[in-house]
Structures are given as structure tokens and as C-alpha cells.
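Worksheet for the structure shown next.
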Amino acid sequence: KKPKEYTMAVTAMGHQGIWIEAIELLGNMLDRDLEPDVITSNAVATALDRGGIWFQALRVLAKTQQIGIGLSCVSFAAAIRACEHSSYWQHAVWLLQEMRRLDLCPNIVVYNSALSVFEECQQWELALQLLLVMEQRHVDPDVITYSSAISSC
């Protein structure tokens with residue numbers, strides 16, 4: 001198989017939330033010295049998000065960075081959403097900090113993902129702080145942003 005075919009298969013698995021198979025296919029790519037790209041990484045992260053597997057999402061982000069694949073907002077948003085399913089708001093905070101460290105600018109999807117985690121974990125102080133950060137970084141809130149922030153209180 002070619003890298004593009006693997007990526008297409010991983011993407012399909014990601015949409016279906018078949019995270020074990022997506023990780024196995026990623027490992028298979030690496031074993032065959034085929035280089036996954038950011039789209040492959042995003043697809044695996046999406047599968048892990050849908051499965052609520054936060055610890056694997058963090059591992060995939062670390063491995064992706066280690067082998068030199070660029071990270072994107074999509075991967076981070078998916079990893080943050082995976083934290084929501086398990087109520088690990090601390091990891092969501094760490095992921096936002098990691099994005100800053102890597103000079104990645106979170107977009108509205110990333111911020112809304114974090115706000116959903118804070119909502120789920122009733123971390124209203126963090127939700128309000130994040131609204132201020134969004135304002136400072138000129139990211140316009142939307143209905144989802146306000147809904148999550150209000151529901152966290």
C-alpha cells in the first residue's frame with residue numbers, strides 16, 4: 001500500500017471511531033517505513049477522540065511530534081475533546097499550553113473543545129479565563145463558546 005491509501009483507511013476509521021484499528025494501521029505504516037503526514041495524524045486523533053481515549057491521544061501527539069510530523073489544530077482539538085470524555089480537564093489545559101509552546105495558534109474549534117471539557121468538569125473559572133484569552137488573541141466567540149462557558153457555571 002501507498003501512504004495515501006493508508007491515510008484514507010485511517011481517515012475512514014477515524015470517522016467511525018475505530019481507534020484500535022487506526023492505531024494499528026498507523027503502526028503498520030511506520031513498520032513499513034511509510035511516512036504518515038499531518039492528515040494521517042489528524043485521522044488517528046479523531047478516532048481516539050470518538051473513542052474517548054485521552055491517554056492514547058496524548059501518546060499519538062507525542063509520537064507524531066517525535067517523528068517530525070507537523071501538528072495541527074485538528075489534532076489538538078481532537079485530543080482535547082478526548083479529555084472531555086474522561087473528565088481530565090488538566091490535560092486539556094496542558095494541551096493548550098503545549099500549543100502555545102509550539103507556536104500554534106488555537107482556533108475557535110480548539111477553544112470550544114477546551115470549553116466543552118471545562119463545562120463537563122464544572123471548571124467555570126477556567127472557562128472564564130479562556131474567554132479572556134480568546135479576547136486577547138482576537139478569536140471571536142460563537143454560540144458554542146458562550147453556551148459552554150455559561151453551562152460550566
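Chain labels A, B, ... are given in the sequence in which chains occur in the C-alpha cells; within each chain residues are numbered consecutively from 1, and ligands are likewise numbered from 1 in the order shown.
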Inset, instruction - Might you pull out every residue within 8 Å of A:Leu115, with only C-alpha atoms counted and same-chain residues fewer than 6 positions away left off, and present them as an MDAnalysis selection string? - result: chainID A and resid 127 130 145 148:149
Inset, instruction - Among the residues of stretch 13-150 of chain A, find those DSSP assigns to helix (DSSP H, G or I) from the backbone and print them as a ChimeraX atom specification. - result: /A:13-16,19-31,38-51,54-66,73-86,89-101,108-120,124-136,143-150
Closest atom pairs, residues of stretch 25-132 of chain A within 10 Å of stretch 11-20 of chain A, only C-alpha atoms, as CSV:
```
residue,atom,partner,partner_atom,distance
A:Leu25,CA,A:Ile20,CA,8.6
A:Leu26,CA,A:Ile20,CA,10.0
A:Ile39,CA,A:Thr11,CA,8.0
A:Thr40,CA,A:Thr11,CA,6.9
A:Ser41,CA,A:Thr11,CA,9.2
A:Asn42,CA,A:Thr11,CA,8.2
A:Ala43,CA,A:Thr11,CA,4.7
A:Val44,CA,A:Gly14,CA,5.9
A:Ala45,CA,A:Gly14,CA,7.5
A:Thr46,CA,A:Gly14,CA,5.3
A:Ala47,CA,A:Gly14,CA,3.7
A:Leu48,CA,A:Trp19,CA,5.3
A:Asp49,CA,A:Gly17,CA,7.7
A:Arg50,CA,A:Gly17,CA,5.0
A:Gly51,CA,A:Gly17,CA,5.7
A:Gly52,CA,A:Gly17,CA,9.2
A:Ile53,CA,A:Trp19,CA,8.3
A:Gln56,CA,A:Trp19,CA,9.3
A:Ala57,CA,A:Trp19,CA,9.8
```
Suppose we keep N, CA and C atoms; can you now write the selection as a PDB file, in the first residue's frame?
```
ATOM      1  N   LEU A  25      -3.023   0.519  12.216  1.00  0.00           N
ATOM      2  CA  LEU A  25      -2.670   0.877  10.851  1.00  0.00           C
ATOM      3  C   LEU A  25      -1.557   1.920  10.829  1.00  0.00           C
ATOM      4  N   LEU A  26      -1.589   2.858  11.757  1.00  0.00           N
ATOM      5  CA  LEU A  26      -0.504   3.832  11.862  1.00  0.00           C
ATOM      6  C   LEU A  26       0.815   3.117  12.169  1.00  0.00           C
ATOM      7  N   ILE A  39      -2.335  14.729   7.957  1.00  0.00           N
ATOM      8  CA  ILE A  39      -3.708  14.254   7.755  1.00  0.00           C
ATOM      9  C   ILE A  39      -3.894  12.893   8.424  1.00  0.00           C
ATOM     10  N   THR A  40      -2.888  12.030   8.309  1.00  0.00           N
ATOM     11  CA  THR A  40      -2.938  10.725   8.980  1.00  0.00           C
ATOM     12  C   THR A  40      -3.022  10.914  10.484  1.00  0.00           C
ATOM     13  N   SER A  41      -2.172  11.798  11.001  1.00  0.00           N
ATOM     14  CA  SER A  41      -2.155  12.080  12.439  1.00  0.00           C
ATOM     15  C   SER A  41      -3.503  12.620  12.906  1.00  0.00           C
ATOM     16  N   ASN A  42      -4.080  13.524  12.128  1.00  0.00           N
ATOM     17  CA  ASN A  42      -5.392  14.081  12.473  1.00  0.00           C
ATOM     18  C   ASN A  42      -6.460  12.991  12.496  1.00  0.00           C
ATOM     19  N   ALA A  43      -6.394  12.070  11.538  1.00  0.00           N
ATOM     20  CA  ALA A  43      -7.384  10.999  11.467  1.00  0.00           C
ATOM     21  C   ALA A  43      -7.288  10.073  12.678  1.00  0.00           C
ATOM     22  N   VAL A  44      -6.071   9.745  13.088  1.00  0.00           N
ATOM     23  CA  VAL A  44      -5.892   8.898  14.275  1.00  0.00           C
ATOM     24  C   VAL A  44      -6.402   9.637  15.515  1.00  0.00           C
ATOM     25  N   ALA A  45      -6.060  10.921  15.626  1.00  0.00           N
ATOM     26  CA  ALA A  45      -6.530  11.715  16.767  1.00  0.00           C
ATOM     27  C   ALA A  45      -8.050  11.779  16.805  1.00  0.00           C
ATOM     28  N   THR A  46      -8.681  11.887  15.645  1.00  0.00           N
ATOM     29  CA  THR A  46     -10.137  11.923  15.573  1.00  0.00           C
ATOM     30  C   THR A  46     -10.743  10.600  16.035  1.00  0.00           C
ATOM     31  N   ALA A  47     -10.127   9.495  15.626  1.00  0.00           N
ATOM     32  CA  ALA A  47     -10.609   8.184  16.069  1.00  0.00           C
ATOM     33  C   ALA A  47     -10.502   8.065  17.580  1.00  0.00           C
ATOM     34  N   LEU A  48      -9.402   8.548  18.152  1.00  0.00           N
ATOM     35  CA  LEU A  48      -9.213   8.492  19.600  1.00  0.00           C
ATOM     36  C   LEU A  48     -10.200   9.405  20.318  1.00  0.00           C
ATOM     37  N   ASP A  49     -10.486  10.549  19.728  1.00  0.00           N
ATOM     38  CA  ASP A  49     -11.495  11.451  20.287  1.00  0.00           C
ATOM     39  C   ASP A  49     -12.839  10.749  20.348  1.00  0.00           C
ATOM     40  N   ARG A  50     -13.239  10.152  19.260  1.00  0.00           N
ATOM     41  CA  ARG A  50     -14.546   9.487  19.212  1.00  0.00           C
ATOM     42  C   ARG A  50     -14.617   8.307  20.162  1.00  0.00           C
ATOM     43  N   GLY A  51     -13.455   7.713  20.450  1.00  0.00           N
ATOM     44  CA  GLY A  51     -13.420   6.613  21.412  1.00  0.00           C
ATOM     45  C   GLY A  51     -13.225   7.091  22.839  1.00  0.00           C
ATOM     46  N   GLY A  52     -12.951   8.407  23.011  1.00  0.00           N
ATOM     47  CA  GLY A  52     -12.734   8.957  24.348  1.00  0.00           C
ATOM     48  C   GLY A  52     -11.452   8.463  24.990  1.00  0.00           C
ATOM     49  N   ILE A  53     -10.464   8.153  24.174  1.00  0.00           N
ATOM     50  CA  ILE A  53      -9.217   7.560  24.659  1.00  0.00           C
ATOM     51  C   ILE A  53      -8.161   8.660  24.778  1.00  0.00           C
ATOM     52  N   GLN A  56      -4.204   7.720  24.882  1.00  0.00           N
ATOM     53  CA  GLN A  56      -3.646   7.358  23.578  1.00  0.00           C
ATOM     54  C   GLN A  56      -3.540   8.587  22.684  1.00  0.00           C
ATOM     55  N   ALA A  57      -4.486   9.502  22.803  1.00  0.00           N
ATOM     56  CA  ALA A  57      -4.427  10.735  22.016  1.00  0.00           C
ATOM     57  C   ALA A  57      -3.163  11.518  22.361  1.00  0.00           C
TER      58      ALA A  57
END
```
Legend entry - Distance query A:Asp140 at most 8 Å, only C-alpha atoms, self and fewer than 3 positions along chain excluded, as a list in words: Ile108, Met134 and Glu135 of chain A
